[in-house]
Every structure is written in structure tokens, then in C-alpha cells.
file model_27.tsv (TSV, C-alpha atoms and all ligand atoms)
chain	number	residue	atom	x	y	z
O	506	MET	CA	115.81	62.08	-36.90
O	507	ALA	CA	116.44	61.20	-33.25
O	508	GLU	CA	114.60	58.14	-31.98
O	509	ILE	CA	111.94	58.93	-29.41
O	510	ASN	CA	112.06	56.85	-26.23
O	511	LEU	CA	108.38	56.18	-25.59
O	512	THR	CA	109.07	54.26	-22.37
O	513	SER	CA	110.42	57.47	-20.83
O	514	LEU	CA	108.68	60.21	-22.74
O	515	LYS	CA	109.97	63.69	-21.90
O	516	PRO	CA	109.18	67.22	-23.04
O	517	TYR	CA	110.97	68.49	-26.14
O	518	GLY	CA	112.45	72.00	-26.07
O	519	ASP	CA	115.48	72.49	-28.30
O	520	THR	CA	116.59	68.86	-28.59
O	521	THR	CA	115.03	65.45	-28.10
O	522	ASP	CA	114.72	64.40	-24.46
O	523	ASP	CA	116.04	67.71	-23.06
O	524	GLY	CA	113.02	67.84	-20.73
O	525	ALA	CA	112.52	71.59	-21.29
O	526	ILE	CA	109.31	73.06	-19.90
O	527	GLN	CA	107.69	76.46	-19.50
O	528	LEU	CA	105.71	77.37	-16.40
O	529	SER	CA	103.73	80.44	-15.51
O	530	PHE	CA	102.42	81.39	-12.09
O	531	THR	CA	101.63	84.29	-9.84
O	532	LEU	CA	103.12	85.07	-6.44
O	533	PRO	CA	101.40	87.36	-3.94
O	534	ILE	CA	104.45	89.69	-3.64
O	535	GLU	CA	105.78	92.75	-5.50
O	536	PRO	CA	108.30	92.09	-8.32
O	537	SER	CA	111.93	92.53	-7.09
O	538	ALA	CA	115.29	90.77	-7.13
O	539	LYS	CA	114.17	88.89	-4.03
O	540	ALA	CA	110.88	87.88	-5.72
O	541	ARG	CA	112.88	86.59	-8.71
O	542	GLU	CA	115.05	84.49	-6.39
O	543	ALA	CA	111.94	83.22	-4.58
O	544	ALA	CA	110.41	82.09	-7.87
O	545	THR	CA	113.67	80.39	-8.90
O	546	GLN	CA	113.99	78.49	-5.64
O	547	LEU	CA	110.32	77.54	-5.67
O	548	VAL	CA	110.66	75.94	-9.10
O	549	ARG	CA	113.84	74.13	-7.96
O	550	ASN	CA	111.92	72.86	-4.91
O	551	TRP	CA	109.44	71.27	-7.31
O	552	GLY	CA	112.29	69.15	-8.70
O	553	PHE	CA	113.15	71.13	-11.84
O	554	PHE	CA	116.68	72.25	-12.76
O	555	ASP	CA	118.24	74.81	-15.16
O	556	VAL	CA	115.69	77.30	-13.86
O	557	LYS	CA	115.54	80.61	-15.76
O	558	ILE	CA	113.08	83.40	-15.09
O	559	ALA	CA	112.00	84.48	-18.58
O	560	HIS	CA	109.50	87.08	-17.43
O	561	MET	CA	108.55	88.86	-14.21
O	562	SER	CA	105.97	91.64	-14.09
O	563	LYS	CA	103.58	93.37	-11.73
O	564	ILE	CA	99.98	92.30	-12.33
O	565	GLY	CA	98.31	94.13	-9.46
O	566	VAL	CA	99.12	95.59	-6.08
O	567	ASN	CA	101.30	93.02	-4.36
O	568	TYR	CA	101.15	90.45	-7.17
O	569	SER	CA	103.83	89.32	-9.64
O	570	LEU	CA	103.50	87.14	-12.71
O	571	PHE	CA	106.37	84.81	-13.63
O	572	VAL	CA	107.12	82.88	-16.79
O	573	VAL	CA	109.86	80.37	-16.12
O	574	PHE	CA	111.91	78.04	-18.31
O	575	ALA	CA	113.27	74.93	-16.62
O	576	ARG	CA	114.07	71.28	-17.22
O	577	THR	CA	113.06	67.92	-15.82
O	578	ASP	CA	114.65	64.49	-16.05
O	579	LYS	CA	111.43	62.67	-15.22
O	580	GLY	CA	109.68	60.84	-18.03
O	581	ILE	CA	106.52	58.78	-18.39
O	582	ASP	CA	106.12	55.29	-19.84
O	583	TYR	CA	103.84	56.17	-22.70
O	584	THR	CA	103.56	52.53	-23.81
O	585	GLN	CA	101.78	51.62	-20.56
O	586	LEU	CA	99.09	54.31	-20.68
O	587	GLU	CA	95.51	53.28	-21.28
O	588	VAL	CA	93.14	56.16	-21.82
O	589	PRO	CA	89.58	55.92	-23.14
O	590	ASP	CA	89.30	57.70	-26.44
O	591	LEU	CA	86.17	59.05	-28.07
O	592	GLY	CA	87.64	57.92	-31.37
O	593	GLY	CA	84.76	57.38	-33.74
O	594	GLU	CA	84.68	57.99	-37.43
O	595	LYS	CA	85.18	61.55	-38.69
O	596	ARG	CA	82.12	62.44	-40.70
O	597	SER	CA	80.99	65.66	-42.34
O	598	TYR	CA	77.80	67.35	-41.25
O	599	LYS	CA	76.09	66.36	-44.49
O	600	GLU	CA	77.02	62.73	-43.95
O	601	ILE	CA	75.80	62.78	-40.34
O	602	ASP	CA	72.54	64.46	-41.37
O	603	ARG	CA	72.02	61.84	-44.06
O	604	LEU	CA	72.64	59.00	-41.60
O	605	ILE	CA	70.26	60.44	-39.02
O	606	LEU	CA	67.56	60.81	-41.63
O	607	ALA	CA	68.12	57.27	-42.90
O	608	ASN	CA	68.51	55.48	-39.58
O	609	VAL	CA	66.93	57.51	-36.77
O	610	LYS	CA	64.20	58.89	-39.04
O	611	ARG	CA	63.60	61.91	-36.81
O	612	PRO	CA	65.72	64.72	-35.39
O	613	ILE	CA	67.84	63.88	-32.36
O	614	ARG	CA	66.60	66.07	-29.52
O	615	VAL	CA	69.23	67.74	-27.35
O	616	VAL	CA	69.05	70.19	-24.47
O	617	GLY	CA	72.22	72.01	-23.40
O	618	ALA	CA	73.15	74.36	-20.56
O	619	CYS	CA	75.90	75.69	-18.34
O	620	THR	CA	74.68	74.98	-14.84
O	621	GLY	CA	75.32	76.49	-11.44
O	622	TYR	CA	77.55	79.53	-11.13
O	623	ASP	CA	79.13	79.05	-14.56
O	624	ALA	CA	78.52	81.93	-16.98
O	625	HIS	CA	80.82	80.76	-19.78
O	626	THR	CA	78.58	80.12	-22.76
O	627	VAL	CA	81.07	80.37	-25.62
O	628	GLY	CA	82.01	76.67	-25.50
O	629	LEU	CA	78.42	75.41	-25.53
O	630	ASP	CA	77.50	77.94	-28.23
O	631	ALA	CA	80.45	76.70	-30.29
O	632	ILE	CA	78.84	73.27	-30.35
O	633	LEU	CA	75.18	74.25	-30.64
O	634	SER	CA	74.88	77.59	-32.44
O	635	MET	CA	74.37	77.91	-36.22
O	636	LYS	CA	77.80	79.41	-36.76
O	637	GLY	CA	79.57	76.60	-34.92
O	638	PHE	CA	83.31	76.63	-34.34
O	639	ASP	CA	86.53	76.41	-36.35
O	640	GLY	CA	84.68	76.29	-39.68
O	641	ASP	CA	82.48	73.44	-38.45
O	642	ILE	CA	78.79	74.35	-38.29
O	643	GLY	CA	76.83	73.88	-35.08
O	644	LEU	CA	74.06	71.38	-34.31
O	645	GLU	CA	71.30	74.00	-34.73
O	646	ARG	CA	72.02	74.01	-38.44
O	647	TYR	CA	71.63	70.24	-38.89
O	648	LYS	CA	68.28	68.92	-40.06
O	649	GLY	CA	69.03	65.90	-37.90
O	650	PHE	CA	69.03	67.78	-34.59
O	651	ARG	CA	66.44	69.70	-32.62
O	652	THR	CA	68.37	71.76	-30.11
O	653	VAL	CA	67.52	73.80	-27.06
O	654	ASN	CA	70.31	75.98	-25.69
O	655	MET	CA	69.34	77.17	-22.21
O	656	GLY	CA	72.44	79.36	-21.81
O	657	SER	CA	74.30	80.00	-18.61
O	658	GLN	CA	73.75	79.75	-14.85
O	659	VAL	CA	70.86	77.32	-15.25
O	660	PRO	CA	69.79	75.51	-12.07
O	661	THR	CA	70.30	71.76	-12.55
O	662	GLU	CA	66.62	71.01	-11.78
O	663	GLU	CA	65.53	73.39	-14.56
O	664	LEU	CA	67.82	71.65	-17.02
O	665	ILE	CA	66.29	68.29	-16.11
O	666	ASP	CA	62.73	69.70	-16.31
O	667	ARG	CA	63.43	71.05	-19.78
O	668	ALA	CA	65.02	67.80	-20.95
O	669	VAL	CA	61.92	65.91	-19.77
O	670	LYS	CA	59.58	68.43	-21.41
O	671	GLU	CA	61.43	68.27	-24.72
O	672	LYS	CA	61.63	64.45	-24.58
O	673	ALA	CA	65.34	64.94	-25.08
O	674	ASP	CA	67.58	62.14	-26.22
O	675	ALA	CA	70.63	63.88	-24.78
O	676	ILE	CA	71.60	66.43	-22.15
O	677	LEU	CA	74.65	68.54	-22.99
O	678	LEU	CA	76.32	70.05	-19.95
O	679	SER	CA	79.02	72.69	-20.25
O	680	LYS	CA	81.42	73.23	-17.36
O	681	VAL	CA	84.17	75.79	-17.86
O	682	VAL	CA	84.99	77.14	-14.40
O	683	SER	CA	86.93	74.51	-12.46
O	684	GLN	CA	87.93	76.49	-9.36
O	685	LYS	CA	87.61	74.28	-6.27
O	686	ASP	CA	86.57	71.46	-8.65
O	687	ILE	CA	83.15	73.05	-9.13
O	688	HIS	CA	82.95	71.41	-12.56
O	689	LEU	CA	83.11	68.00	-10.89
O	690	SER	CA	80.53	68.84	-8.21
O	691	ASP	CA	78.14	70.23	-10.81
O	692	MET	CA	78.57	67.14	-12.99
O	693	ARG	CA	77.88	64.95	-9.94
O	694	ASP	CA	74.90	67.13	-9.03
O	695	LEU	CA	73.22	66.46	-12.36
O	696	MET	CA	73.81	62.74	-12.01
O	697	ALA	CA	72.51	62.63	-8.43
O	698	ARG	CA	69.36	64.59	-9.28
O	699	LEU	CA	68.62	62.38	-12.28
O	700	LYS	CA	68.94	59.33	-10.03
O	701	LYS	CA	66.69	60.88	-7.42
O	702	ARG	CA	64.01	61.51	-10.02
O	703	GLY	CA	64.27	57.96	-11.43
O	704	LEU	CA	65.72	59.31	-14.69
O	705	GLU	CA	69.07	57.52	-14.55
O	706	GLY	CA	69.97	56.15	-17.99
O	707	LYS	CA	67.10	58.02	-19.62
O	708	PHE	CA	69.31	60.54	-21.44
O	709	ILE	CA	72.59	60.36	-23.26
O	710	LEU	CA	74.77	62.48	-20.97
O	711	VAL	CA	77.53	64.54	-22.53
O	712	ALA	CA	79.75	66.99	-20.66
O	713	GLY	CA	82.21	69.45	-22.12
O	714	GLY	CA	84.72	72.07	-21.06
O	715	PRO	CA	88.44	72.83	-20.99
O	716	ARG	CA	89.05	70.79	-17.84
O	717	VAL	CA	86.66	67.96	-18.74
O	718	THR	CA	88.17	64.73	-20.07
O	719	HIS	CA	86.44	61.73	-21.57
O	720	LYS	CA	87.99	59.53	-18.87
O	721	MET	CA	86.66	61.76	-16.09
O	722	ALA	CA	83.19	61.91	-17.67
O	723	LEU	CA	83.02	58.11	-17.91
O	724	GLU	CA	84.10	57.81	-14.27
O	725	LEU	CA	81.24	60.11	-13.26
O	726	GLY	CA	78.72	57.99	-15.18
O	727	TYR	CA	78.44	60.17	-18.28
O	728	ASP	CA	78.51	58.79	-21.81
O	729	ALA	CA	81.16	61.19	-23.05
O	730	GLY	CA	83.34	64.15	-22.17
O	731	PHE	CA	84.61	66.62	-24.77
O	732	THR	CA	87.43	69.06	-24.16
O	733	ILE	CA	89.38	71.93	-25.80
O	734	GLY	CA	89.17	71.79	-29.58
O	735	ALA	CA	85.97	69.69	-29.67
O	736	ARG	CA	84.12	70.31	-32.91
O	737	PRO	CA	80.35	70.23	-33.41
O	738	SER	CA	80.61	67.41	-35.96
O	739	ASP	CA	82.52	65.26	-33.40
O	740	VAL	CA	79.68	65.77	-30.94
O	741	ALA	CA	77.00	65.25	-33.60
O	742	ASN	CA	78.62	62.02	-34.74
O	743	PHE	CA	78.96	60.75	-31.17
O	744	LEU	CA	75.28	61.50	-30.43
O	745	TYR	CA	74.18	59.78	-33.63
O	746	GLU	CA	76.24	56.66	-32.92
O	747	LYS	CA	75.18	56.50	-29.28
O	748	LEU	CA	71.52	56.88	-30.13
O	749	VAL	CA	71.71	54.15	-32.75
O	750	GLU	CA	73.43	51.91	-30.17
O	751	ARG	CA	70.56	52.59	-27.75
O	752	MET	CA	67.96	51.95	-30.44
O	753	ASP	CA	69.63	48.63	-31.21
O	754	LYS	CA	69.39	47.69	-27.55
O	755	GLY	CA	65.72	48.73	-27.58
O	756	GLU	CA	66.48	51.44	-25.04
O	757	THR	CA	64.86	54.24	-26.99
O	758	GLU	CA	62.43	54.89	-29.84
O	759	PRO	CA	62.16	54.10	-32.74
O	760	MET	CA	61.77	50.37	-32.17
O	761	SER	CA	64.87	48.21	-31.95
O	762	ARG	CA	66.49	47.61	-35.30
O	763	LYS	CA	69.49	45.36	-35.73
O	764	LYS	CA	70.47	46.47	-39.21
O	765	LYS	CA	74.13	47.59	-39.55
O	766	ARG	CA	74.22	51.31	-40.04
O	767	GLY	CA	76.84	53.68	-41.41
O	768	LYS	CA	76.27	53.13	-45.14
X	801	LIG	C1	85.44	84.61	-22.30
X	801	LIG	C2	85.76	84.33	-20.84
X	801	LIG	C3	84.89	84.86	-19.88
X	801	LIG	C4	83.63	85.62	-20.24
X	801	LIG	C5	82.53	84.60	-20.59
X	801	LIG	C6	81.56	85.13	-21.63
X	801	LIG	C7	80.66	84.07	-22.11
X	801	LIG	N1	79.48	84.48	-22.48
X	801	LIG	O1	81.01	82.90	-22.19
X	801	LIG	C8	83.36	86.41	-18.90
X	801	LIG	C9	84.03	87.76	-18.97
X	801	LIG	C10	81.89	86.59	-18.54
X	801	LIG	C11	84.11	85.53	-17.90
X	801	LIG	C12	83.86	85.57	-16.56
X	801	LIG	C13	84.60	84.87	-15.62
X	801	LIG	N2	85.67	84.10	-15.86
X	801	LIG	CO1	86.26	83.61	-17.63
X	801	LIG	N3	87.17	83.28	-19.24
X	801	LIG	C14	86.89	83.56	-20.46
X	801	LIG	C15	88.03	83.06	-21.37
X	801	LIG	C16	88.92	84.26	-21.69
X	801	LIG	C17	87.64	82.38	-22.67
X	801	LIG	C18	86.66	81.21	-22.53
X	801	LIG	C19	86.17	80.87	-23.91
X	801	LIG	O2	85.21	81.46	-24.38
X	801	LIG	N4	86.86	79.94	-24.61
X	801	LIG	C20	86.55	79.57	-25.99
X	801	LIG	C21	85.67	78.30	-26.03
X	801	LIG	C22	85.32	77.99	-27.48
X	801	LIG	O3	86.45	77.26	-25.49
X	801	LIG	P1	85.89	76.25	-24.38
X	801	LIG	O4	85.04	76.92	-23.41
X	801	LIG	O5	87.03	75.44	-23.89
X	801	LIG	O6	84.92	75.30	-25.25
X	801	LIG	C23	85.38	74.26	-26.09
X	801	LIG	C24	85.56	72.93	-25.37
X	801	LIG	O7	85.91	73.02	-24.02
X	801	LIG	C25	84.24	72.22	-25.58
X	801	LIG	N5	83.09	72.49	-24.74
X	801	LIG	C26	82.83	73.46	-23.85
X	801	LIG	N6	81.61	73.29	-23.33
X	801	LIG	C27	81.07	72.22	-23.91
X	801	LIG	C28	79.86	71.56	-23.71
X	801	LIG	C29	79.56	70.41	-24.42
X	801	LIG	C30	78.26	69.73	-24.20
X	801	LIG	C31	80.51	69.89	-25.34
X	801	LIG	C32	80.20	68.67	-26.10
X	801	LIG	C33	81.73	70.53	-25.54
X	801	LIG	C34	82.00	71.68	-24.82
X	801	LIG	O8	83.92	72.62	-26.90
X	801	LIG	C35	84.31	73.98	-27.10
X	801	LIG	C36	84.77	74.11	-28.55
X	801	LIG	O9	85.88	73.27	-28.76
X	801	LIG	C37	88.76	82.03	-20.42
X	801	LIG	C38	90.27	81.89	-20.63
X	801	LIG	C39	90.59	81.05	-21.82
X	801	LIG	N7	91.48	81.52	-22.64
X	801	LIG	O10	90.03	79.95	-21.96
X	801	LIG	C40	88.43	82.61	-19.05
X	801	LIG	C41	88.32	81.66	-17.86
X	801	LIG	C42	87.54	80.43	-18.27
X	801	LIG	N8	87.56	82.45	-16.91
X	801	LIG	C43	87.94	82.29	-15.68
X	801	LIG	C44	87.40	82.94	-14.55
X	801	LIG	C45	88.10	82.70	-13.24
X	801	LIG	C46	86.29	83.76	-14.66
X	801	LIG	C47	85.62	84.52	-13.54
X	801	LIG	C48	85.46	83.75	-12.24
X	801	LIG	C49	86.42	85.82	-13.32
X	801	LIG	C50	85.96	86.63	-12.14
X	801	LIG	N9	86.77	86.62	-11.11
X	801	LIG	O11	84.93	87.23	-12.18
X	801	LIG	C51	84.28	84.90	-14.16
X	801	LIG	C52	83.24	83.81	-13.84
X	801	LIG	C53	81.90	84.18	-14.21
X	801	LIG	C54	80.99	83.04	-13.94
X	801	LIG	N10	80.00	83.25	-13.09
X	801	LIG	O12	81.16	81.99	-14.52
X	801	LIG	C55	89.08	81.29	-15.59
X	801	LIG	C56	88.63	79.94	-15.05
X	801	LIG	C57	89.68	79.36	-14.16
X	801	LIG	C58	89.26	78.03	-13.63
X	801	LIG	N11	90.19	77.13	-13.58
X	801	LIG	O13	88.15	77.81	-13.28
X	801	LIG	C59	89.63	81.31	-17.06
X	801	LIG	C60	90.30	80.00	-17.50
X	801	LIG	C61	90.63	82.50	-17.13
X	801	LIG	C62	91.84	82.28	-16.25
X	801	LIG	N12	92.95	81.79	-16.78
X	801	LIG	O14	91.83	82.55	-15.09
X	801	LIG	N13	85.03	84.76	-18.53
call {"tool": "encode", "arguments": {"input": "model_27.tsv", "output": "C-alpha cells"}}
result
Amino acid sequence: MAEINLTSLKPYGDTTDDGAIQLSFTLPIEPSAKAREAATQLVRNWGFFDVKIAHMSKIGVNYSLFVVFARTDKGIDYTQLEVPDLGGEKRSYKEIDRLILANVKRPIRVVGACTGYDAHTVGLDAILSMKGFDGDIGLERYKGFRTVNMGSQVPTEELIDRAVKEKADAILLSKVVSQKDIHLSDMRDLMARLKKRGLEGKFILVAGGPRVTHKMALELGYDAGFTIGARPSDVANFLYEKLVERMDKGETEPMSRKKKRGK
């Protein structure tokens, strides 16, 4: 097997280090030989070579979709990257439920919503609803969670009001649409309003969505960010561990307990 050069990591297409990539984009012109040449030159202008148009089709009046194969010689030094990772132990729902019962001694209260303009509820439902996602049951089905799913297009103030009313331990925010970085502004909006109401640090703050990363969430002052492929048990386990950490610091009820948990 070919050795992988991690100090200059490149995409793999047919052979190691060939730098092969696939791009897809739309141009606001009709498909034609000229449009094909425009797409080719555009991709070359971006620094790629061996540019091949694999697909060109009309996707509306005056719009063409392109799928392009190309190559790059630029790599990244993978050994130098430092990225925060949610990590954590993988635990089954039964195990997490048992730990909550043993160590928190009450259900963890969570309130979730998609705020602002965002109407994409499938991601949040995947985490919260009974049926869950990818064979992993949702938080509603755990004995160790009491969940409120407020659905979509919830004004941020209403989400905060509900979290206060429910004495929530955690707020779960789903942001799917990322046009014009609306996911970032809505995440900041929640943080700013919490601060304004003197509720900063009161809740465990978890954001999720396809364009959310854990790194980004931490930078915005959240406790965690979950992205594509997140499973309910990952979120449940994170919430359990975070709550126990807060209890140990005496930041939340029940009273501070220093005992090592996880057994
Ligand atoms: C279904 C869908 C819709 C449905 C939504 C129905 C519903 N009730 O949710 C409808 C038809 C309403 C819709 C509308 C629109 N949509 Co739409 N939609 C999609 C689609 C096809 C699938 C999204 C989905 O359900 N994914 C499956 C779930 C399970 O994945 P997920 O959301 O990533 O969730 C996972 C993780 O991200 C994470 N997660 C998500 N949220 C949370 C929250 C927490 C707390 C945690 C812990 C984890 C977590 O866990 C989940 C499980 O792993 C995507 C394209 C795609 N293939 O993704 C476009 C897409 C999201 N839509 C898009 C757009 C543009 C729109 C519209 C603006 C279209 C329009 N012009 O009208 C409108 C916007 C409406 C609005 N006001 O928000 C764009 C967004 C582009 C962008 N960068 O912002 C996409 C990417 C399509 C595209 N390629 O253009 N859409």
C-alpha cells in the first residue's frame, strides 16, 4: 500500500496523491459549447488543472449546472492541524439512561428549536424525536431526558422564555440554512439575548446543523456544535457529561458531588 504523506495531504482519486477533485456549480447562462469552455476556464482560474466537464445540463431558464473533474497539487500539513473534537465515550442509550438515573437522579431538561427564518426541522427531530436517526433512538425516548421540541421559525426570545419556564439544563439550537451566514448571526443572537437577560452561563448551549462545527460553536461561546451525521446518543452523552461537570463545579442542582462517575 502506498505511504500517505500526511505533511502534504492531498485528495485521492484513482491513485495516491493524484489530487483529483469533483466540483459542482451553477452558472447563470444557458448550456452551450461556450458555456462549457467558460466553466473549464473558470476552474483553471481557481488553480486547478486537468479540468474535465463531466456533466452540463439546463436547470432553469438561463441556468446551467456543471459537474467538473479536476486536479490540484496543493496539499495541507495534516500533522500541524489542531481541531477541537467532541470525542467523548461512545455509550448506548441504555447506558446513558442508567448513568443519568444513578448520577443526576432526575431527567435532564432540554428545550430545542430552529430559530429565525429557518424551517428545517428534520435535523432537530432526528436528535429529539422518539424515532431518532440512523437506528439510534431520540432523546424523547430516554427516561433520563425531559424534552421540549419547539419546532421551526421560533423567535429567539420565545426559545429563551421557554427554557426559563421549563428550568432547562440545556438549549438545543438547530441551524440548517447558512445563506449569508444566517446560521452564525442566529447563533450570535441567542448568545447576545441571553447576556442581555443576565442568563449567560445558565444553560448548556448546544448548536447543530450541516454547516455548524464544534470549533465554530466554541468560538461563539457555545458548549458544543454537532454536524452532519450527529447521532442522538452522541448528544445525550455530551449533555450528561457536561451536566455532571457542572454539578461537580456546583454550577447546577443537585448539590455538588465530587464522586467519579461513569461506572
Ligand atoms: C428537506 C429540506 C427542506 C424542507 C424542510 C422540511 C423540514 N420540515 O425540515 C423544505 C422543503 C421546507 C425546505 C425549504 C427550504 N430549503 Co431546504 N433542504 C432540505 C434538504 C433536502 C434536506 C435537509 C434535511 O432534512 N437533512 C437531513 C437531516 C437529518 O440532516 P441535518 O439537517 O444536517 O441534521 C443532522 C445534523 O446537521 C445535526 N443537527 C441538525 N440540527 C441539529 C440541532 C442540534 C441541537 C444538534 C445537536 C444536532 C443537529 O444532526 C442531524 C442528524 O445527524 C436540504 C439538502 C440536503 N440534502 O441537506 C435542503 C437545504 C438545507 N435547503 C436549502 C434551501 C436554500 C431551502 C430554501 C431557502 C429553499 C427556498 N428557496 O425556498 C427553503 C427555506 C425554508 C426556510 N424558511 O427555512 C439549502 C440551504 C443552503 C444553505 N447553504 O443555506 C439546502 C442545503 C439545499 C441546497 N443545496 O440548496 N428544505
call {"tool": "axis_aligned_box", "arguments": {"input": "model_27.tsv", "around": "stretch 538-555 of chain O", "padding_each_side": "8 Å", "output": "lines of an AutoDock Vina configuration file"}}
result
center_x = 113.8
center_y = 80.0
center_z = -9.6
size_x = 24.8
size_y = 37.6
size_z = 27.1
call {"tool": "residues_near_ligand", "arguments": {"input": "model_27.tsv", "ligand": "ligand LIG 801 (chain X)", "cutoff": "7 Å", "atoms": "all atoms listed in the file", "output": "PyMOL selection string"}}
result
chain O and resi 617+622-629+631-632+638+677-684+711-715+730-736+740
call {"tool": "residues_around", "arguments": {"input": "model_27.tsv", "residues": "stretch 659-663 of chain O", "least_positions_apart": "6", "cutoff": "9 Å", "atoms": "only C-alpha atoms", "output": "VMD selection string"}}
result
chain O and resid 618 to 623 691 694 to 695 698 to 699
call {"tool": "residues_around", "arguments": {"input": "model_27.tsv", "residues": "stretch 560-567 of chain O", "least_positions_apart": "6", "cutoff": "8 Å", "atoms": "only C-alpha atoms", "output": "PyMOL selection string"}}
result
chain O and resi 533-536+541+573
call {"tool": "atom_distance", "arguments": {"input": "model_27.tsv", "atom1": "atom CA of O:Tyr598", "atom2": "atom CA of O:Ser738"}}
result
6.0 Å
call {"tool": "residues_around", "arguments": {"input": "model_27.tsv", "residues": "O:Ala668", "least_positions_apart": "5", "cutoff": "7 Å", "atoms": "only C-alpha atoms", "output": "list in words"}}
result
Val616, Ala673 and Ile676 of chain O
call {"tool": "write_last_selection", "arguments": {"input": "model_27.tsv", "atoms": "C-alpha atoms", "output": "short mmCIF file (atom, residue, chain, number, x, y, z; two decimals), in the frame of the given file"}}
result
data_model
loop_
_atom_site.label_atom_id
_atom_site.label_comp_id
_atom_site.auth_asym_id
_atom_site.auth_seq_id
_atom_site.Cartn_x
_atom_site.Cartn_y
_atom_site.Cartn_z
CA VAL O 616 69.05 70.19 -24.47
CA ALA O 673 65.34 64.94 -25.08
CA ILE O 676 71.60 66.43 -22.15
#
call {"tool": "atom_distance", "arguments": {"input": "model_27.tsv", "atom1": "atom CA of O:Pro589", "atom2": "atom CA of O:His719"}}
result
6.8 Å
call {"tool": "residues_around", "arguments": {"input": "model_27.tsv", "residues": "O:Ala697", "least_positions_apart": "3", "cutoff": "12 Å", "atoms": "all atoms listed in the file", "output": "MDAnalysis selection string"}}
result
chainID O and resid 661:662 665 690:694 700:706 725:727
call {"tool": "closest_residue", "arguments": {"input": "model_27.tsv", "among": "O:Leu514, O:Trp551, O:Glu724, O:Phe574", "to": "O:Ile526", "atoms": "all atoms listed in the file"}}
result
O:Phe574
call {"tool": "residues_around", "arguments": {"input": "model_27.tsv", "residues": "O:Glu542", "least_positions_apart": "2", "cutoff": "12 Å", "atoms": "only C-alpha atoms", "output": "mmCIF file with C-alpha atoms, in the frame of the given file"}}
result
data_model
loop_
_atom_site.group_PDB
_atom_site.id
_atom_site.type_symbol
_atom_site.label_atom_id
_atom_site.label_comp_id
_atom_site.auth_asym_id
_atom_site.auth_seq_id
_atom_site.Cartn_x
_atom_site.Cartn_y
_atom_site.Cartn_z
ATOM 1 C CA LEU O 532 103.120 85.070 -6.440
ATOM 2 C CA PRO O 536 108.300 92.090 -8.320
ATOM 3 C CA SER O 537 111.930 92.530 -7.090
ATOM 4 C CA ALA O 538 115.290 90.770 -7.130
ATOM 5 C CA LYS O 539 114.170 88.890 -4.030
ATOM 6 C CA ALA O 540 110.880 87.880 -5.720
ATOM 7 C CA ALA O 544 110.410 82.090 -7.870
ATOM 8 C CA THR O 545 113.670 80.390 -8.900
ATOM 9 C CA GLN O 546 113.990 78.490 -5.640
ATOM 10 C CA LEU O 547 110.320 77.540 -5.670
ATOM 11 C CA VAL O 548 110.660 75.940 -9.100
ATOM 12 C CA ARG O 549 113.840 74.130 -7.960
ATOM 13 C CA VAL O 556 115.690 77.300 -13.860
ATOM 14 C CA LYS O 557 115.540 80.610 -15.760
ATOM 15 C CA ILE O 558 113.080 83.400 -15.090
ATOM 16 C CA MET O 561 108.550 88.860 -14.210
ATOM 17 C CA PHE O 571 106.370 84.810 -13.630
ATOM 18 C CA VAL O 573 109.860 80.370 -16.120
#
call {"tool": "atom_distance", "arguments": {"input": "model_27.tsv", "atom1": "atom CA of O:Glu508", "atom2": "atom CA of O:Thr520"}}
result
11.4 Å
call {"tool": "closest_residue", "arguments": {"input": "model_27.tsv", "among": "O:Asn742, O:Tyr583, O:Thr718, O:Phe554", "to": "O:Leu689", "atoms": "all atoms listed in the file"}}
result
O:Thr718
call {"tool": "residues_near_point", "arguments": {"input": "model_27.tsv", "point": "(72.7, 63.0, -27.7)", "cutoff": "7 Å", "atoms": "all atoms listed in the file", "output": "PyMOL selection string"}}
result
chain O and resi 613+615+674-676+709+744-745+748
call {"tool": "closest_residue", "arguments": {"input": "model_27.tsv", "among": "O:His688, O:Lys595, O:Arg576, O:Arg603", "to": "O:Gln527", "atoms": "only C-alpha atoms"}}
result
O:Arg576
call {"tool": "closest_residue", "arguments": {"input": "model_27.tsv", "among": "O:Asp578, O:Asp590, O:Asp555, O:Asp753", "to": "O:Ser513", "atoms": "all atoms listed in the file"}}
result
O:Asp578
call {"tool": "closest_residue", "arguments": {"input": "model_27.tsv", "among": "O:Arg651, O:Lys685, O:Lys515, O:Lys670", "to": "O:Asp582", "atoms": "all atoms listed in the file"}}
result
O:Lys515
call {"tool": "build_atoms", "arguments": {"input": "model_27.tsv", "residues": "stretch 629-639 of chain O", "atoms": "N, CA, C and O atoms", "output": "compact mmCIF listing (two decimals), keeping the file's coordinate frame"}}
result
# COMPACT_ATOMS: atom_id res chain seq x y z
N LEU O 629 79.68 76.09 -25.18
CA LEU O 629 78.42 75.41 -25.53
C LEU O 629 77.87 75.97 -26.84
O LEU O 629 77.39 75.22 -27.71
N ASP O 630 77.96 77.31 -26.98
CA ASP O 630 77.50 77.94 -28.23
C ASP O 630 78.32 77.43 -29.42
O ASP O 630 77.78 77.26 -30.52
N ALA O 631 79.59 77.20 -29.19
CA ALA O 631 80.45 76.70 -30.29
C ALA O 631 79.91 75.38 -30.83
O ALA O 631 79.97 75.10 -32.01
N ILE O 632 79.35 74.58 -29.95
CA ILE O 632 78.84 73.27 -30.35
C ILE O 632 77.42 73.39 -30.91
O ILE O 632 77.06 72.74 -31.90
N LEU O 633 76.60 74.23 -30.28
CA LEU O 633 75.18 74.25 -30.64
C LEU O 633 74.78 75.31 -31.67
O LEU O 633 73.89 75.07 -32.49
N SER O 634 75.41 76.49 -31.63
CA SER O 634 74.88 77.59 -32.44
C SER O 634 75.10 77.36 -33.93
O SER O 634 76.01 76.63 -34.32
N MET O 635 74.27 78.00 -34.75
CA MET O 635 74.37 77.91 -36.22
C MET O 635 75.81 78.05 -36.71
O MET O 635 76.28 77.28 -37.51
N LYS O 636 76.47 79.10 -36.19
CA LYS O 636 77.80 79.41 -36.76
C LYS O 636 78.86 78.38 -36.39
O LYS O 636 79.85 78.22 -37.08
N GLY O 637 78.65 77.67 -35.28
CA GLY O 637 79.57 76.60 -34.92
C GLY O 637 80.93 77.09 -34.49
O GLY O 637 81.06 78.15 -33.87
N PHE O 638 81.97 76.37 -34.89
CA PHE O 638 83.31 76.63 -34.34
C PHE O 638 84.35 76.08 -35.30
O PHE O 638 84.21 74.98 -35.82
N ASP O 639 85.39 76.88 -35.55
CA ASP O 639 86.53 76.41 -36.35
C ASP O 639 86.09 75.93 -37.74
O ASP O 639 86.56 74.90 -38.23
